[in-house]
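Engineer: Provided herewith: coords.pdb, PDB, C-alpha atoms and all ligand atoms.
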```
ATOM      1  CA  MET A   1     -15.349  29.577  22.130  1.00  0.00           C
ATOM      2  CA  TRP A   2     -15.962  29.350  18.391  1.00  0.00           C
ATOM      3  CA  TRP A   3     -13.806  26.277  18.096  1.00  0.00           C
ATOM      4  CA  ARG A   4     -15.799  24.495  20.805  1.00  0.00           C
ATOM      5  CA  ILE A   5     -19.021  25.202  18.909  1.00  0.00           C
ATOM      6  CA  SER A   6     -17.423  23.958  15.682  1.00  0.00           C
ATOM      7  CA  VAL A   7     -16.253  20.773  17.384  1.00  0.00           C
ATOM      8  CA  VAL A   8     -19.772  20.137  18.745  1.00  0.00           C
ATOM      9  CA  LEU A   9     -21.295  20.774  15.294  1.00  0.00           C
ATOM     10  CA  LEU A  10     -18.764  18.528  13.595  1.00  0.00           C
ATOM     11  CA  LEU A  11     -19.421  15.809  16.166  1.00  0.00           C
ATOM     12  CA  SER A  12     -23.194  15.959  15.682  1.00  0.00           C
ATOM     13  CA  VAL A  13     -22.823  15.811  11.891  1.00  0.00           C
ATOM     14  CA  ALA A  14     -20.441  12.872  12.281  1.00  0.00           C
ATOM     15  CA  VAL A  15     -22.832  11.050  14.643  1.00  0.00           C
ATOM     16  CA  ALA A  16     -25.825  11.611  12.293  1.00  0.00           C
ATOM     17  CA  GLY A  17     -23.705  10.457   9.347  1.00  0.00           C
ATOM     18  CA  SER A  18     -22.538   7.343  11.122  1.00  0.00           C
ATOM     19  CA  CYS A  19     -26.135   6.491  12.165  1.00  0.00           C
ATOM     20  CA  LEU A  20     -27.075   6.503   8.495  1.00  0.00           C
ATOM     21  CA  ALA A  21     -23.906   4.680   7.451  1.00  0.00           C
ATOM     22  CA  GLN A  22     -24.614   1.929   9.969  1.00  0.00           C
ATOM     23  CA  GLY A  23     -28.305   1.890   9.097  1.00  0.00           C
ATOM     24  CA  ARG A  24     -29.520   2.945  12.533  1.00  0.00           C
ATOM     25  CA  PRO A  25     -33.056   4.299  12.355  1.00  0.00           C
ATOM     26  CA  PRO A  26     -33.223   8.084  12.022  1.00  0.00           C
ATOM     27  CA  ARG A  27     -35.743  10.183  13.914  1.00  0.00           C
ATOM     28  CA  GLY A  28     -39.290   9.559  12.686  1.00  0.00           C
ATOM     29  CA  ALA A  29     -38.557   6.035  11.480  1.00  0.00           C
ATOM     30  CA  VAL A  30     -40.716   3.041  12.406  1.00  0.00           C
ATOM     31  CA  VAL A  31     -38.645  -0.022  13.315  1.00  0.00           C
ATOM     32  CA  LEU A  32     -40.115  -3.041  11.518  1.00  0.00           C
ATOM     33  CA  PHE A  33     -37.604  -5.573  12.814  1.00  0.00           C
ATOM     34  CA  ASP A  34     -35.116  -5.084  15.618  1.00  0.00           C
ATOM     35  CA  GLY A  35     -33.656  -8.586  15.788  1.00  0.00           C
ATOM     36  CA  LYS A  36     -35.984  -9.891  18.477  1.00  0.00           C
ATOM     37  CA  ASP A  37     -39.416 -10.818  17.152  1.00  0.00           C
ATOM     38  CA  LEU A  38     -41.830 -10.781  14.212  1.00  0.00           C
ATOM     39  CA  SER A  39     -44.549  -8.800  16.001  1.00  0.00           C
ATOM     40  CA  LYS A  40     -44.801  -6.278  13.128  1.00  0.00           C
ATOM     41  CA  TRP A  41     -45.263  -9.063  10.547  1.00  0.00           C
ATOM     42  CA  VAL A  42     -47.936 -11.544   9.436  1.00  0.00           C
ATOM     43  CA  SER A  43     -48.173 -14.213   6.743  1.00  0.00           C
ATOM     44  CA  ARG A  44     -49.354 -13.019   3.349  1.00  0.00           C
ATOM     45  CA  ASP A  45     -52.954 -14.009   4.101  1.00  0.00           C
ATOM     46  CA  GLY A  46     -52.893 -10.929   6.353  1.00  0.00           C
ATOM     47  CA  ARG A  47     -54.068 -12.894   9.418  1.00  0.00           C
ATOM     48  CA  SER A  48     -51.887 -15.801  10.508  1.00  0.00           C
ATOM     49  CA  ALA A  49     -48.586 -15.386  12.328  1.00  0.00           C
ATOM     50  CA  ALA A  50     -45.350 -15.009  10.376  1.00  0.00           C
ATOM     51  CA  ARG A  51     -43.433 -18.266  10.761  1.00  0.00           C
ATOM     52  CA  TRP A  52     -39.896 -17.356   9.697  1.00  0.00           C
ATOM     53  CA  GLU A  53     -37.055 -18.073  12.122  1.00  0.00           C
ATOM     54  CA  ILE A  54     -35.190 -15.675  14.386  1.00  0.00           C
ATOM     55  CA  THR A  55     -31.494 -16.586  14.289  1.00  0.00           C
ATOM     56  CA  PRO A  56     -29.060 -16.250  17.219  1.00  0.00           C
ATOM     57  CA  ASP A  57     -27.321 -13.354  15.428  1.00  0.00           C
ATOM     58  CA  GLY A  58     -30.513 -11.267  15.499  1.00  0.00           C
ATOM     59  CA  ALA A  59     -31.792 -11.816  11.978  1.00  0.00           C
ATOM     60  CA  MET A  60     -35.025 -13.177  10.571  1.00  0.00           C
ATOM     61  CA  GLN A  61     -34.544 -16.028   8.122  1.00  0.00           C
ATOM     62  CA  VAL A  62     -36.829 -17.439   5.463  1.00  0.00           C
ATOM     63  CA  LYS A  63     -38.160 -20.794   6.627  1.00  0.00           C
ATOM     64  CA  ALA A  64     -38.828 -22.533   3.328  1.00  0.00           C
ATOM     65  CA  GLY A  65     -42.439 -23.432   2.735  1.00  0.00           C
ATOM     66  CA  THR A  66     -43.910 -21.159   5.413  1.00  0.00           C
ATOM     67  CA  GLY A  67     -44.695 -18.534   2.796  1.00  0.00           C
ATOM     68  CA  ASP A  68     -44.151 -14.837   2.260  1.00  0.00           C
ATOM     69  CA  ILE A  69     -44.481 -12.450   5.184  1.00  0.00           C
ATOM     70  CA  MET A  70     -45.656  -8.854   5.192  1.00  0.00           C
ATOM     71  CA  THR A  71     -45.986  -5.941   7.550  1.00  0.00           C
ATOM     72  CA  ARG A  72     -49.227  -5.538   9.516  1.00  0.00           C
ATOM     73  CA  ASP A  73     -49.180  -1.840   8.629  1.00  0.00           C
ATOM     74  CA  GLU A  74     -49.484  -0.187   5.228  1.00  0.00           C
ATOM     75  CA  PHE A  75     -47.451   2.738   3.941  1.00  0.00           C
ATOM     76  CA  GLY A  76     -47.780   5.280   1.130  1.00  0.00           C
ATOM     77  CA  SER A  77     -44.499   6.950   0.103  1.00  0.00           C
ATOM     78  CA  PHE A  78     -41.494   6.042   2.231  1.00  0.00           C
ATOM     79  CA  HIS A  79     -37.787   5.495   2.770  1.00  0.00           C
ATOM     80  CA  LEU A  80     -37.198   1.829   3.584  1.00  0.00           C
ATOM     81  CA  HIS A  81     -33.887   0.567   4.959  1.00  0.00           C
ATOM     82  CA  ILE A  82     -33.384  -3.190   4.920  1.00  0.00           C
ATOM     83  CA  GLU A  83     -30.337  -5.423   5.250  1.00  0.00           C
ATOM     84  CA  PHE A  84     -30.070  -8.921   3.801  1.00  0.00           C
ATOM     85  CA  ALA A  85     -27.625 -11.793   3.410  1.00  0.00           C
ATOM     86  CA  THR A  86     -27.974 -14.517   0.796  1.00  0.00           C
ATOM     87  CA  PRO A  87     -26.996 -18.095   1.716  1.00  0.00           C
ATOM     88  CA  HIS A  88     -23.938 -19.843   0.275  1.00  0.00           C
ATOM     89  CA  MET A  89     -25.406 -22.160  -2.388  1.00  0.00           C
ATOM     90  CA  PRO A  90     -22.482 -22.984  -4.702  1.00  0.00           C
ATOM     91  CA  GLU A  91     -24.369 -25.730  -6.559  1.00  0.00           C
ATOM     92  CA  ALA A  92     -27.385 -23.562  -7.298  1.00  0.00           C
ATOM     93  CA  ARG A  93     -27.736 -21.420 -10.399  1.00  0.00           C
ATOM     94  CA  GLY A  94     -29.741 -18.449 -11.587  1.00  0.00           C
ATOM     95  CA  GLN A  95     -33.072 -17.892  -9.873  1.00  0.00           C
ATOM     96  CA  GLY A  96     -32.384 -20.819  -7.501  1.00  0.00           C
ATOM     97  CA  ARG A  97     -29.411 -19.123  -5.854  1.00  0.00           C
ATOM     98  CA  GLY A  98     -30.380 -17.184  -2.752  1.00  0.00           C
ATOM     99  CA  ASN A  99     -33.708 -15.945  -4.105  1.00  0.00           C
ATOM    100  CA  SER A 100     -36.050 -13.781  -2.054  1.00  0.00           C
ATOM    101  CA  GLY A 101     -37.411 -10.298  -2.659  1.00  0.00           C
ATOM    102  CA  VAL A 102     -38.646  -7.056  -1.145  1.00  0.00           C
ATOM    103  CA  TYR A 103     -42.113  -6.122  -2.465  1.00  0.00           C
ATOM    104  CA  LEU A 104     -43.033  -2.450  -2.123  1.00  0.00           C
ATOM    105  CA  HIS A 105     -46.780  -2.027  -1.439  1.00  0.00           C
ATOM    106  CA  GLY A 106     -46.761  -5.851  -1.704  1.00  0.00           C
ATOM    107  CA  LEU A 107     -46.760  -5.306  -5.500  1.00  0.00           C
ATOM    108  CA  TYR A 108     -43.360  -4.307  -6.902  1.00  0.00           C
ATOM    109  CA  GLU A 109     -40.433  -6.662  -6.291  1.00  0.00           C
ATOM    110  CA  ILE A 110     -36.913  -5.430  -5.723  1.00  0.00           C
ATOM    111  CA  GLN A 111     -35.130  -8.722  -6.284  1.00  0.00           C
ATOM    112  CA  VAL A 112     -32.904 -10.392  -3.702  1.00  0.00           C
ATOM    113  CA  LEU A 113     -30.565 -12.987  -5.233  1.00  0.00           C
ATOM    114  CA  ASP A 114     -26.927 -14.066  -5.068  1.00  0.00           C
ATOM    115  CA  SER A 115     -25.565 -12.118  -8.059  1.00  0.00           C
ATOM    116  CA  TYR A 116     -22.028 -11.777  -6.679  1.00  0.00           C
ATOM    117  CA  GLY A 117     -19.350 -11.611  -9.360  1.00  0.00           C
ATOM    118  CA  LEU A 118     -21.694 -11.610 -12.372  1.00  0.00           C
ATOM    119  CA  ALA A 119     -20.112  -9.509 -15.135  1.00  0.00           C
ATOM    120  CA  SER A 120     -23.483  -8.558 -16.532  1.00  0.00           C
ATOM    121  CA  VAL A 121     -26.797  -8.549 -14.729  1.00  0.00           C
ATOM    122  CA  GLY A 122     -30.342  -8.707 -16.057  1.00  0.00           C
ATOM    123  CA  SER A 123     -33.802  -7.743 -14.888  1.00  0.00           C
ATOM    124  CA  GLY A 124     -34.064 -10.931 -12.796  1.00  0.00           C
ATOM    125  CA  ASP A 125     -30.821 -10.385 -10.880  1.00  0.00           C
ATOM    126  CA  CYS A 126     -30.225  -8.859  -7.475  1.00  0.00           C
ATOM    127  CA  ALA A 127     -31.584  -5.321  -7.011  1.00  0.00           C
ATOM    128  CA  ALA A 128     -33.534  -5.461 -10.285  1.00  0.00           C
ATOM    129  CA  ILE A 129     -37.066  -4.110 -10.358  1.00  0.00           C
ATOM    130  CA  TYR A 130     -38.111  -7.608 -11.271  1.00  0.00           C
ATOM    131  CA  GLY A 131     -38.710  -8.006 -14.995  1.00  0.00           C
ATOM    132  CA  ILE A 132     -38.777  -4.242 -15.486  1.00  0.00           C
ATOM    133  CA  LYS A 133     -35.306  -2.752 -14.989  1.00  0.00           C
ATOM    134  CA  THR A 134     -31.783  -4.036 -14.421  1.00  0.00           C
ATOM    135  CA  PRO A 135     -29.749  -2.242 -11.712  1.00  0.00           C
ATOM    136  CA  ASP A 136     -27.351   0.314 -13.205  1.00  0.00           C
ATOM    137  CA  LYS A 137     -24.376  -1.450 -11.557  1.00  0.00           C
ATOM    138  CA  ASN A 138     -23.722  -4.805  -9.923  1.00  0.00           C
ATOM    139  CA  ALA A 139     -22.953  -3.853  -6.309  1.00  0.00           C
ATOM    140  CA  ALA A 140     -23.384  -7.407  -4.945  1.00  0.00           C
ATOM    141  CA  LYS A 141     -21.374  -8.644  -1.998  1.00  0.00           C
ATOM    142  CA  PRO A 142     -20.551 -12.341  -1.574  1.00  0.00           C
ATOM    143  CA  PRO A 143     -23.121 -14.710  -0.047  1.00  0.00           C
ATOM    144  CA  GLY A 144     -23.098 -14.599   3.756  1.00  0.00           C
ATOM    145  CA  GLU A 145     -22.114 -10.915   3.860  1.00  0.00           C
ATOM    146  CA  TRP A 146     -24.649  -8.307   4.950  1.00  0.00           C
ATOM    147  CA  GLN A 147     -25.914  -6.021   2.197  1.00  0.00           C
ATOM    148  CA  THR A 148     -28.169  -2.977   2.365  1.00  0.00           C
ATOM    149  CA  TYR A 149     -31.003  -1.505   0.365  1.00  0.00           C
ATOM    150  CA  ASP A 150     -32.083   2.068   0.933  1.00  0.00           C
ATOM    151  CA  ILE A 151     -35.245   2.481  -1.079  1.00  0.00           C
ATOM    152  CA  ILE A 152     -37.151   5.695  -1.670  1.00  0.00           C
ATOM    153  CA  PHE A 153     -40.607   4.803  -2.963  1.00  0.00           C
ATOM    154  CA  ILE A 154     -43.088   7.397  -4.179  1.00  0.00           C
ATOM    155  CA  ALA A 155     -46.612   5.992  -4.220  1.00  0.00           C
ATOM    156  CA  PRO A 156     -48.775   6.170  -7.359  1.00  0.00           C
ATOM    157  CA  LYS A 157     -51.403   8.886  -7.603  1.00  0.00           C
ATOM    158  CA  PHE A 158     -55.069   8.479  -8.443  1.00  0.00           C
ATOM    159  CA  ASP A 159     -57.865  10.739  -9.608  1.00  0.00           C
ATOM    160  CA  ASN A 160     -61.134  10.724  -7.690  1.00  0.00           C
ATOM    161  CA  THR A 161     -62.499   7.879  -9.827  1.00  0.00           C
ATOM    162  CA  GLY A 162     -59.590   5.695  -8.733  1.00  0.00           C
ATOM    163  CA  LYS A 163     -57.755   5.878 -12.070  1.00  0.00           C
ATOM    164  CA  VAL A 164     -53.941   5.961 -11.868  1.00  0.00           C
ATOM    165  CA  ILE A 165     -52.674   9.374 -12.982  1.00  0.00           C
ATOM    166  CA  ALA A 166     -49.031   8.941 -11.951  1.00  0.00           C
ATOM    167  CA  ASN A 167     -47.158   5.661 -11.720  1.00  0.00           C
ATOM    168  CA  PRO A 168     -45.024   4.923  -8.648  1.00  0.00           C
ATOM    169  CA  ARG A 169     -41.325   5.840  -8.737  1.00  0.00           C
ATOM    170  CA  VAL A 170     -38.354   4.282  -7.002  1.00  0.00           C
ATOM    171  CA  THR A 171     -34.780   5.153  -6.113  1.00  0.00           C
ATOM    172  CA  VAL A 172     -32.535   2.384  -4.792  1.00  0.00           C
ATOM    173  CA  ARG A 173     -29.109   2.546  -3.182  1.00  0.00           C
ATOM    174  CA  TRP A 174     -27.598  -0.925  -2.964  1.00  0.00           C
ATOM    175  CA  ASN A 175     -24.670  -1.134  -0.566  1.00  0.00           C
ATOM    176  CA  GLY A 176     -24.464   2.643  -0.939  1.00  0.00           C
ATOM    177  CA  VAL A 177     -24.365   2.533  -4.766  1.00  0.00           C
ATOM    178  CA  LEU A 178     -27.156   4.287  -6.671  1.00  0.00           C
ATOM    179  CA  VAL A 179     -28.649   1.613  -8.946  1.00  0.00           C
ATOM    180  CA  HIS A 180     -32.103   3.074  -9.730  1.00  0.00           C
ATOM    181  CA  ASP A 181     -32.511   6.831  -9.877  1.00  0.00           C
ATOM    182  CA  ASN A 182     -36.154   7.926  -9.624  1.00  0.00           C
ATOM    183  CA  VAL A 183     -37.331   5.202 -12.001  1.00  0.00           C
ATOM    184  CA  GLU A 184     -40.993   4.999 -13.010  1.00  0.00           C
ATOM    185  CA  ILE A 185     -42.612   1.606 -12.313  1.00  0.00           C
ATOM    186  CA  PRO A 186     -45.195   1.050 -15.064  1.00  0.00           C
ATOM    187  CA  ARG A 187     -46.849  -2.090 -13.686  1.00  0.00           C
ATOM    188  CA  VAL A 188     -46.951  -4.525 -10.785  1.00  0.00           C
ATOM    189  CA  THR A 189     -44.482  -7.438 -10.874  1.00  0.00           C
ATOM    190  CA  ALA A 190     -45.295 -11.149 -10.580  1.00  0.00           C
ATOM    191  CA  GLY A 191     -45.973 -12.826  -7.250  1.00  0.00           C
ATOM    192  CA  GLY A 192     -47.334  -9.842  -5.343  1.00  0.00           C
ATOM    193  CA  ILE A 193     -50.585  -9.497  -3.425  1.00  0.00           C
ATOM    194  CA  GLY A 194     -52.647  -8.183  -6.325  1.00  0.00           C
ATOM    195  CA  ASP A 195     -52.679  -6.923  -9.885  1.00  0.00           C
ATOM    196  CA  ARG A 196     -53.798  -3.323  -9.312  1.00  0.00           C
ATOM    197  CA  MET A 197     -51.868  -0.338  -8.009  1.00  0.00           C
ATOM    198  CA  ARG A 198     -53.037   1.046  -4.665  1.00  0.00           C
ATOM    199  CA  PRO A 199     -52.389   4.207  -2.641  1.00  0.00           C
ATOM    200  CA  THR A 200     -50.844   2.338   0.302  1.00  0.00           C
ATOM    201  CA  GLY A 201     -49.622  -1.181   0.921  1.00  0.00           C
ATOM    202  CA  PRO A 202     -47.462  -3.390   3.111  1.00  0.00           C
ATOM    203  CA  ILE A 203     -43.817  -4.363   2.730  1.00  0.00           C
ATOM    204  CA  LEU A 204     -43.750  -8.023   1.722  1.00  0.00           C
ATOM    205  CA  LEU A 205     -40.715 -10.325   1.913  1.00  0.00           C
ATOM    206  CA  GLN A 206     -40.649 -13.349  -0.360  1.00  0.00           C
ATOM    207  CA  ASP A 207     -40.238 -17.002   0.596  1.00  0.00           C
ATOM    208  CA  HIS A 208     -38.653 -18.405  -2.569  1.00  0.00           C
ATOM    209  CA  GLY A 209     -37.462 -21.526  -0.733  1.00  0.00           C
ATOM    210  CA  ASN A 210     -33.941 -20.292   0.088  1.00  0.00           C
ATOM    211  CA  PRO A 211     -32.732 -19.388   3.622  1.00  0.00           C
ATOM    212  CA  VAL A 212     -32.131 -15.672   3.003  1.00  0.00           C
ATOM    213  CA  LYS A 213     -31.684 -13.551   6.149  1.00  0.00           C
ATOM    214  CA  TYR A 214     -32.909 -10.026   6.907  1.00  0.00           C
ATOM    215  CA  ARG A 215     -32.101  -7.633   9.730  1.00  0.00           C
ATOM    216  CA  ASN A 216     -32.284  -3.990  10.793  1.00  0.00           C
ATOM    217  CA  ILE A 217     -35.462  -3.053   8.931  1.00  0.00           C
ATOM    218  CA  TRP A 218     -36.955   0.401   9.362  1.00  0.00           C
ATOM    219  CA  ILE A 219     -39.247   2.650   7.375  1.00  0.00           C
ATOM    220  CA  ARG A 220     -39.708   6.392   7.397  1.00  0.00           C
ATOM    221  CA  PRO A 221     -42.997   7.562   5.889  1.00  0.00           C
ATOM    222  CA  LEU A 222     -42.539  10.489   3.480  1.00  0.00           C
ATOM    223  CA  LYS A 223     -44.930  13.390   3.147  1.00  0.00           C
ATOM    224  CA  GLU A 224     -45.459  14.862  -0.314  1.00  0.00           C
TER     225      GLU A 224
HETATM  226 MG    MG A 301     -37.368 -13.017  -5.779  1.00  0.00          MG
END
```
What does the file become when written as structure tokens?
Ligand code: MG
Structural biologist:
Amino acid sequence: MWWRISVVLLLSVAVAGSCLAQGRPPRGAVVLFDGKDLSKWVSRDGRSAARWEITPDGAMQVKAGTGDIMTRDEFGSFHLHIEFATPHMPEARGQGRGNSGVYLHGLYEIQVLDSYGLASVGSGDCAAIYGIKTPDKNAAKPPGEWQTYDIIFIAPKFDNTGKVIANPRVTVRWNGVLVHDNVEIPRVTAGGIGDRMRPTGPILLQDHGNPVKYRNIWIRPLKE
């Protein structure tokens, strides 16, 4: 009998592992986008409907000029899984090449950009904490290919007067590669929804004018 039990255990571990490997939401996760609609999202004014496009392959795509979108709900500390694909823009350079971004709490941008093949990357390139820290490695895939971010975000802490007593921290796996390991974020980055840290906030996705796609987005709130 023991071998049957071992086989069942091995199978369940394998199934759990492959869920994570394929980015399927684990138990306790909130699905923010399942390929069908933008019902969990609004424009960055917090009121009007999100106007990005749903593509036939089950992604949401930046519709240039319609503006950033953000989740209706706010989150404190969390694990966010998000997949993205940058467009093929061979003529474009630098910040004009497949630019978007994932803003944690609507305030701290993890950059999305086509950085494929760059020998050295800076704090404006893909997976950078924008303007604050370069990713430890360049794990970029070519434009058009799906890439993943798994982001563990620990919210800042405040005393009872509202003063920040611990900055937020972030860990990022980019296509499975650890590129930020529990990094302190000392300030908000440009282009977010405010200039002050807050205990909770939305996930905001940036319209930087390029048709970047996103899919399979889920978030798992973390208790501390
Ligand atoms: Mg950006």
Engineer: With all atoms listed in the file counted, which protein, DNA or RNA residues have an atom no more than 7 Å from (-38.2, -14.7, 0.4) in the file frame? Please answer as an mmCIF file with C-alpha atoms, in the coordinates of the input.
Structural biologist:
```
data_model
loop_
_atom_site.group_PDB
_atom_site.id
_atom_site.type_symbol
_atom_site.label_atom_id
_atom_site.label_comp_id
_atom_site.auth_asym_id
_atom_site.auth_seq_id
_atom_site.Cartn_x
_atom_site.Cartn_y
_atom_site.Cartn_z
ATOM 1 C CA VAL A 62 -36.829 -17.439 5.463
ATOM 2 C CA ASP A 68 -44.151 -14.837 2.260
ATOM 3 C CA ASN A 99 -33.708 -15.945 -4.105
ATOM 4 C CA SER A 100 -36.050 -13.781 -2.054
ATOM 5 C CA GLY A 101 -37.411 -10.298 -2.659
ATOM 6 C CA LEU A 205 -40.715 -10.325 1.913
ATOM 7 C CA GLN A 206 -40.649 -13.349 -0.360
ATOM 8 C CA ASP A 207 -40.238 -17.002 0.596
ATOM 9 C CA HIS A 208 -38.653 -18.405 -2.569
ATOM 10 C CA GLY A 209 -37.462 -21.526 -0.733
ATOM 11 C CA VAL A 212 -32.131 -15.672 3.003
#
```
Engineer: Give as a list of chain:residue names the residues that the PyMOL selection byres (((chain A and resi 218) around 7) and not hetatm) matches when applied to the coordinates above.
Structural biologist: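 When the PyMOL selection byres (((chain A and resi 218) around 7) and not hetatm) is applied to the shown file, the picked residues are A:Pro25, A:Ala29, A:Val30, A:Val31, A:Leu32, A:Phe33, A:Leu80, A:His81, A:Ile82, A:Asn216, A:Ile217, A:Ile219, A:Arg220.
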Engineer: What does the distance between atom CA of Ile151 of chain A and atom CA of Ile185 of chain A come to in Å, to one decimal place?
Structural biologist: 13.5 Å
Engineer: To one decimal place, how far is atom CA of Ala64 of chain A from atom CA of Tyr103 of chain A in Å?
Structural biologist: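 That distance, rounded to one decimal, is 17.7 Å.
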Engineer: Give the residues close to ligand MG 301 (chain A), within 12 Å, counting all atoms listed in the file; write them as an mmCIF file with C-alpha atoms, keeping the file's coordinate frame.
Structural biologist:
```cif
data_model
loop_
_atom_site.group_PDB
_atom_site.id
_atom_site.type_symbol
_atom_site.label_atom_id
_atom_site.label_comp_id
_atom_site.auth_asym_id
_atom_site.auth_seq_id
_atom_site.Cartn_x
_atom_site.Cartn_y
_atom_site.Cartn_z
ATOM 1 C CA ASP A 68 -44.151 -14.837 2.260
ATOM 2 C CA THR A 86 -27.974 -14.517 0.796
ATOM 3 C CA GLY A 94 -29.741 -18.449 -11.587
ATOM 4 C CA GLN A 95 -33.072 -17.892 -9.873
ATOM 5 C CA GLY A 96 -32.384 -20.819 -7.501
ATOM 6 C CA ARG A 97 -29.411 -19.123 -5.854
ATOM 7 C CA GLY A 98 -30.380 -17.184 -2.752
ATOM 8 C CA ASN A 99 -33.708 -15.945 -4.105
ATOM 9 C CA SER A 100 -36.050 -13.781 -2.054
ATOM 10 C CA GLY A 101 -37.411 -10.298 -2.659
ATOM 11 C CA VAL A 102 -38.646 -7.056 -1.145
ATOM 12 C CA TYR A 103 -42.113 -6.122 -2.465
ATOM 13 C CA TYR A 108 -43.360 -4.307 -6.902
ATOM 14 C CA GLU A 109 -40.433 -6.662 -6.291
ATOM 15 C CA ILE A 110 -36.913 -5.430 -5.723
ATOM 16 C CA GLN A 111 -35.130 -8.722 -6.284
ATOM 17 C CA VAL A 112 -32.904 -10.392 -3.702
ATOM 18 C CA LEU A 113 -30.565 -12.987 -5.233
ATOM 19 C CA ASP A 114 -26.927 -14.066 -5.068
ATOM 20 C CA SER A 123 -33.802 -7.743 -14.888
ATOM 21 C CA GLY A 124 -34.064 -10.931 -12.796
ATOM 22 C CA ASP A 125 -30.821 -10.385 -10.880
ATOM 23 C CA CYS A 126 -30.225 -8.859 -7.475
ATOM 24 C CA ALA A 127 -31.584 -5.321 -7.011
ATOM 25 C CA ALA A 128 -33.534 -5.461 -10.285
ATOM 26 C CA ILE A 129 -37.066 -4.110 -10.358
ATOM 27 C CA TYR A 130 -38.111 -7.608 -11.271
ATOM 28 C CA GLY A 131 -38.710 -8.006 -14.995
ATOM 29 C CA THR A 189 -44.482 -7.438 -10.874
ATOM 30 C CA ALA A 190 -45.295 -11.149 -10.580
ATOM 31 C CA GLY A 191 -45.973 -12.826 -7.250
ATOM 32 C CA GLY A 192 -47.334 -9.842 -5.343
ATOM 33 C CA LEU A 204 -43.750 -8.023 1.722
ATOM 34 C CA LEU A 205 -40.715 -10.325 1.913
ATOM 35 C CA GLN A 206 -40.649 -13.349 -0.360
ATOM 36 C CA ASP A 207 -40.238 -17.002 0.596
ATOM 37 C CA HIS A 208 -38.653 -18.405 -2.569
ATOM 38 C CA GLY A 209 -37.462 -21.526 -0.733
ATOM 39 C CA ASN A 210 -33.941 -20.292 0.088
ATOM 40 C CA VAL A 212 -32.131 -15.672 3.003
#
```
Engineer: From the list A:Pro135, A:Ser39, A:Arg196, A:Gly201, which residue is nearest Val170 of chain A when using all atoms listed in the file?
Structural biologist: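 Result for the nearest residue to Val170 of chain A: A:Pro135.
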Engineer: For a quick check of understanding, using only C-alpha atoms, which of A:Glu74, A:Asp181, A:Asp37, A:Glu83 has the smallest distance to Leu104 of chain A?
Structural biologist: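 Closest to Leu104 of chain A, using only C-alpha atoms: A:Glu74.
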Engineer: I'd like the interatomic distance between atom CA of Glu224 of chain A and atom CA of Ile154 of chain A, to a tenth of an Å.
Structural biologist: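 So the answer is 8.7 Å.
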Engineer: Using the chain letters and numbers from the file, give me the residues hit by the PyMOL selection byres (((chain A and resi 213) around 9) and not hetatm), as a PyMOL selection string.
Structural biologist: chain A and resi 55+59-62+83-87+144+146+211-212+214-215
Engineer: Suppose a student applies the PyMOL selection byres (((chain A and resi 116) around 6) and not hetatm) to this structure; what residues should they get, written as a CSV table (one decimal) with C-alpha atoms, in the frame of the given file?
Structural biologist:
```
chain,number,residue,atom,x,y,z
A,114,ASP,CA,-26.9,-14.1,-5.1
A,115,SER,CA,-25.6,-12.1,-8.1
A,117,GLY,CA,-19.4,-11.6,-9.4
A,118,LEU,CA,-21.7,-11.6,-12.4
A,140,ALA,CA,-23.4,-7.4,-4.9
A,141,LYS,CA,-21.4,-8.6,-2.0
A,142,PRO,CA,-20.6,-12.3,-1.6
```
Engineer: Could you tell me which of A:Asn138, A:Ile54, A:Ser48, A:Arg93 comes closest to His180 of chain A if we count all atoms listed in the file?
Structural biologist: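 Checking each candidate against His180 of chain A, we get A:Asn138 as the closest.
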Engineer: Calculated over only C-alpha atoms, which of the candidates A:Lys163, A:His105, A:Val179, A:Ile152 has the smallest distance to Ala139 of chain A?
Structural biologist: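 Using only C-alpha atoms, Ala139 of chain A sits closest to A:Val179.
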Engineer: Can you tell me, as a list of chain:residue names, what residues are no more than 12 Å from Arg198 of chain A when counting all atoms listed in the file, ignoring any on the same chain fewer than 6 positions away?
Structural biologist: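 Here the qualifying residues turn out to be A:Glu74, A:Phe75, A:Gly76, A:Ser77, A:Leu104, A:His105, A:Gly106, A:Leu107, A:Tyr108, A:Ile154, A:Ala155, A:Pro156, A:Lys157, A:Phe158, A:Asp159, A:Gly162, A:Lys163, A:Val164, A:Ile165, A:Ala166, A:Asn167, A:Pro168, A:Arg187, A:Val188.
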Engineer: Tell me which of A:Glu145, A:Asp136, A:Asp34, A:Glu53 sits closest to Thr171 of chain A, counting only C-alpha atoms.
Structural biologist: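 Looking at the shortest contact to Thr171 of chain A, the residue is A:Asp136.
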